[in-house]
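Enquirer: Sharing a structure with you now.
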Amino acid sequence: MAKVFKYGLIIFISMSFFTHNQSQLLSAILSSPQQVFDLIKILVLSACLWNGLLNIIRASGLINHLSLILKPVLKLIYGKVIEDKEAYLYLSTNFIANMLGVGSLASISGLKAMQALTKYQTNKKIPCKEMMLLVIMNTTGFSLIPSTMMTLRQSYGSQNVLGFFIYSLAIGFIITVIGIVVSKVIEHYG
């Protein structure tokens with residue numbers, strides 16, 4: 001990948017000089033840091049907002065009610081490990097953060113869930129099936145409120161911030177179900 005980037009950069013710079021567009025290339029290069037800063041600022045502030053919302057949900061006790069509602073779904077996905085209160089708390093928090101579309105917060109609770117799941121490993125070098133399912137759940141990107149994507153679309157001036165929503169919901173759901181089914185099949189026959 002480094003070679004592709006290096007040679008691509010050489011080709012693009014050469015083409016800008018060949019087509020006399022070097023001022024536009026320089027302008028794009030110089031404006032990149034500001035664009036990156038603006039994007040990071042928006043994403044960090046959005047994460048703070050959703051983190052605050054998640055903390056309010058947790059402090060109000062709503063997380064316990066949501067966890068009870070989600071328990072059958074999480075039991076179907078993760079199995080008996082849900083009976084472990086510590087693992088269940090982190091797995092349910094991770095699931096809720098994923099549903100809110102806040103990947104950075106889901107990562108934090110996912111790491112804590114991974115730590116709680118280490119006691120289920122038979123070999124410390126090989127992740128247990130619940131750890132693999134957690135990775136699948138975090139990787140597939142299924143969320144009911146894709147807040148990060150909505151924030152990005154709004155920050156770039158989209159006329160329809162939710163234009164992708166139905167597709168995102170359908171694709172995320174299908175990929176998540178396929179990931180869980182494949183994991184269960186491998187677990188059963190593996």
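Letters A, B, ... go to the chains of the structure tokens in the order shown; residues in each chain start at 1; ligands are counted from 1 in the same order.
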Go through region 99-180 of chain A residue by residue and, counting only C-alpha atoms, keep those with an atom at most 10 Å from region 40-47 of chain A; for each kept residue give the shortest atom pair and its distance in Å to one decimal, ordered by chain and increasing number, as CSV.

Expert:
```
residue,atom,partner,partner_atom,distance
A:Gly101,CA,A:Ala47,CA,9.9
A:Val102,CA,A:Ala47,CA,6.7
A:Gly103,CA,A:Ala47,CA,8.6
A:Ser104,CA,A:Ala47,CA,7.1
A:Leu105,CA,A:Ala47,CA,7.4
A:Ser147,CA,A:Ser46,CA,8.0
A:Thr148,CA,A:Leu43,CA,7.1
A:Met149,CA,A:Leu43,CA,9.7
A:Thr151,CA,A:Ser46,CA,7.3
A:Leu152,CA,A:Leu43,CA,7.8
A:Ser155,CA,A:Ile42,CA,7.6
```

Enquirer: For C-alpha atoms, I'd like the residues from the last selection saved as a short mmCIF file (atom, residue, chain, number, x, y, z; two decimals), in the first residue's frame.

Expert:
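As a result, selection.cif now contains:
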```cif
data_model
loop_
_atom_site.label_atom_id
_atom_site.label_comp_id
_atom_site.auth_asym_id
_atom_site.auth_seq_id
_atom_site.Cartn_x
_atom_site.Cartn_y
_atom_site.Cartn_z
CA GLY A 101 -24.05 4.16 15.99
CA VAL A 102 -21.31 5.43 18.29
CA GLY A 103 -18.40 3.22 17.30
CA SER A 104 -15.85 4.90 19.57
CA LEU A 105 -17.99 4.27 22.65
CA SER A 147 -25.06 8.94 14.33
CA THR A 148 -21.48 9.13 13.04
CA MET A 149 -22.58 8.82 9.42
CA THR A 151 -22.89 13.77 11.53
CA LEU A 152 -20.47 13.37 8.62
CA SER A 155 -20.97 18.44 8.16
#
```

Enquirer: From a DSSP pass on the backbone, collect the residues of chain A flagged as alpha helix (DSSP H) and hand them back as a ChimeraX atom specification.

Expert: /A:2-18,22-60,62-78,85-99,103-117,129-140,147-155,165-189

Enquirer: Using only C-alpha atoms, determine which residues lie at most 8 Å from Gln22 (chain A), disregarding the query and same-chain residues fewer than 5 positions distant; provide the list as JSON, numbers by chain.

Expert: {"A": [13, 16, 17]}

Enquirer: Could you tell me how far CA of Ala59 (chain A) lies from CA of Leu100 (chain A), in Å and to one decimal?

Expert: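 Taking CA of Ala59 (chain A) and CA of Leu100 (chain A), their separation equals 17.1 Å.
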
Enquirer: Just the residues within 9 Å of Phe95 (chain A), please, counting only C-alpha atoms, with nothing from its chain fewer than 3 positions along; format it as an mmCIF file with N, CA and C atoms, in the first residue's frame.

Expert:
```
data_model
loop_
_atom_site.group_PDB
_atom_site.id
_atom_site.type_symbol
_atom_site.label_atom_id
_atom_site.label_comp_id
_atom_site.auth_asym_id
_atom_site.auth_seq_id
_atom_site.Cartn_x
_atom_site.Cartn_y
_atom_site.Cartn_z
ATOM 1 N N LEU A 70 -33.050 -6.487 26.077
ATOM 2 C CA LEU A 70 -32.110 -7.068 25.129
ATOM 3 C C LEU A 70 -31.607 -8.448 25.526
ATOM 4 N N LEU A 74 -29.396 -11.008 23.270
ATOM 5 C CA LEU A 74 -27.993 -11.247 23.599
ATOM 6 C C LEU A 74 -27.751 -12.701 23.992
ATOM 7 N N TYR A 90 -21.152 -5.319 30.161
ATOM 8 C CA TYR A 90 -20.330 -4.756 29.089
ATOM 9 C C TYR A 90 -20.842 -5.146 27.707
ATOM 10 N N LEU A 91 -21.323 -6.380 27.563
ATOM 11 C CA LEU A 91 -21.864 -6.794 26.266
ATOM 12 C C LEU A 91 -23.128 -6.018 25.922
ATOM 13 N N SER A 92 -23.991 -5.798 26.906
ATOM 14 C CA SER A 92 -25.222 -5.043 26.633
ATOM 15 C C SER A 92 -24.911 -3.572 26.371
ATOM 16 N N ASN A 98 -23.497 0.292 19.918
ATOM 17 C CA ASN A 98 -23.526 -0.026 18.484
ATOM 18 C C ASN A 98 -24.855 0.365 17.868
ATOM 19 N N MET A 99 -25.952 0.129 18.580
ATOM 20 C CA MET A 99 -27.273 0.486 18.058
ATOM 21 C C MET A 99 -27.411 2.003 17.901
ATOM 22 N N LEU A 100 -26.717 2.759 18.788
ATOM 23 C CA LEU A 100 -26.732 4.222 18.673
ATOM 24 C C LEU A 100 -25.763 4.719 17.603
ATOM 25 N N ALA A 106 -18.621 2.205 21.568
ATOM 26 C CA ALA A 106 -18.778 0.755 21.494
ATOM 27 C C ALA A 106 -17.424 0.077 21.645
ATOM 28 N N SER A 109 -16.549 -0.079 25.515
ATOM 29 C CA SER A 109 -17.277 -1.142 26.212
ATOM 30 C C SER A 109 -16.917 -2.507 25.645
ATOM 31 N N GLY A 110 -16.573 -2.562 24.363
ATOM 32 C CA GLY A 110 -16.139 -3.820 23.762
ATOM 33 C C GLY A 110 -14.829 -4.311 24.355
ATOM 34 N N MET A 137 -19.826 -8.607 15.952
ATOM 35 C CA MET A 137 -20.860 -7.608 16.233
ATOM 36 C C MET A 137 -20.326 -6.182 16.090
ATOM 37 N N ASN A 138 -19.071 -5.966 16.467
ATOM 38 C CA ASN A 138 -18.490 -4.627 16.361
ATOM 39 C C ASN A 138 -18.044 -4.303 14.946
#
```

Enquirer: Report as a VMD selection string all protein, DNA and RNA residues lying within 10 Å of Leu134 (chain A), evaluated on only C-alpha atoms, omitting residues in the same chain fewer than 6 positions from it.

Expert: chain A and resid 77 to 78 91 94 to 95 110 to 111 113 to 114 117 180

Enquirer: Tell me which of A:Met132, A:Val4, A:Val161, A:Leu89 sits closest to His65 (chain A), counting only C-alpha atoms.

Expert: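 Closest to His65 (chain A), using only C-alpha atoms: A:Leu89.
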
Enquirer: Between CA of Thr140 (chain A) and CA of Phe5 (chain A), what is the spacing in Å?

Expert: 27.4 Å
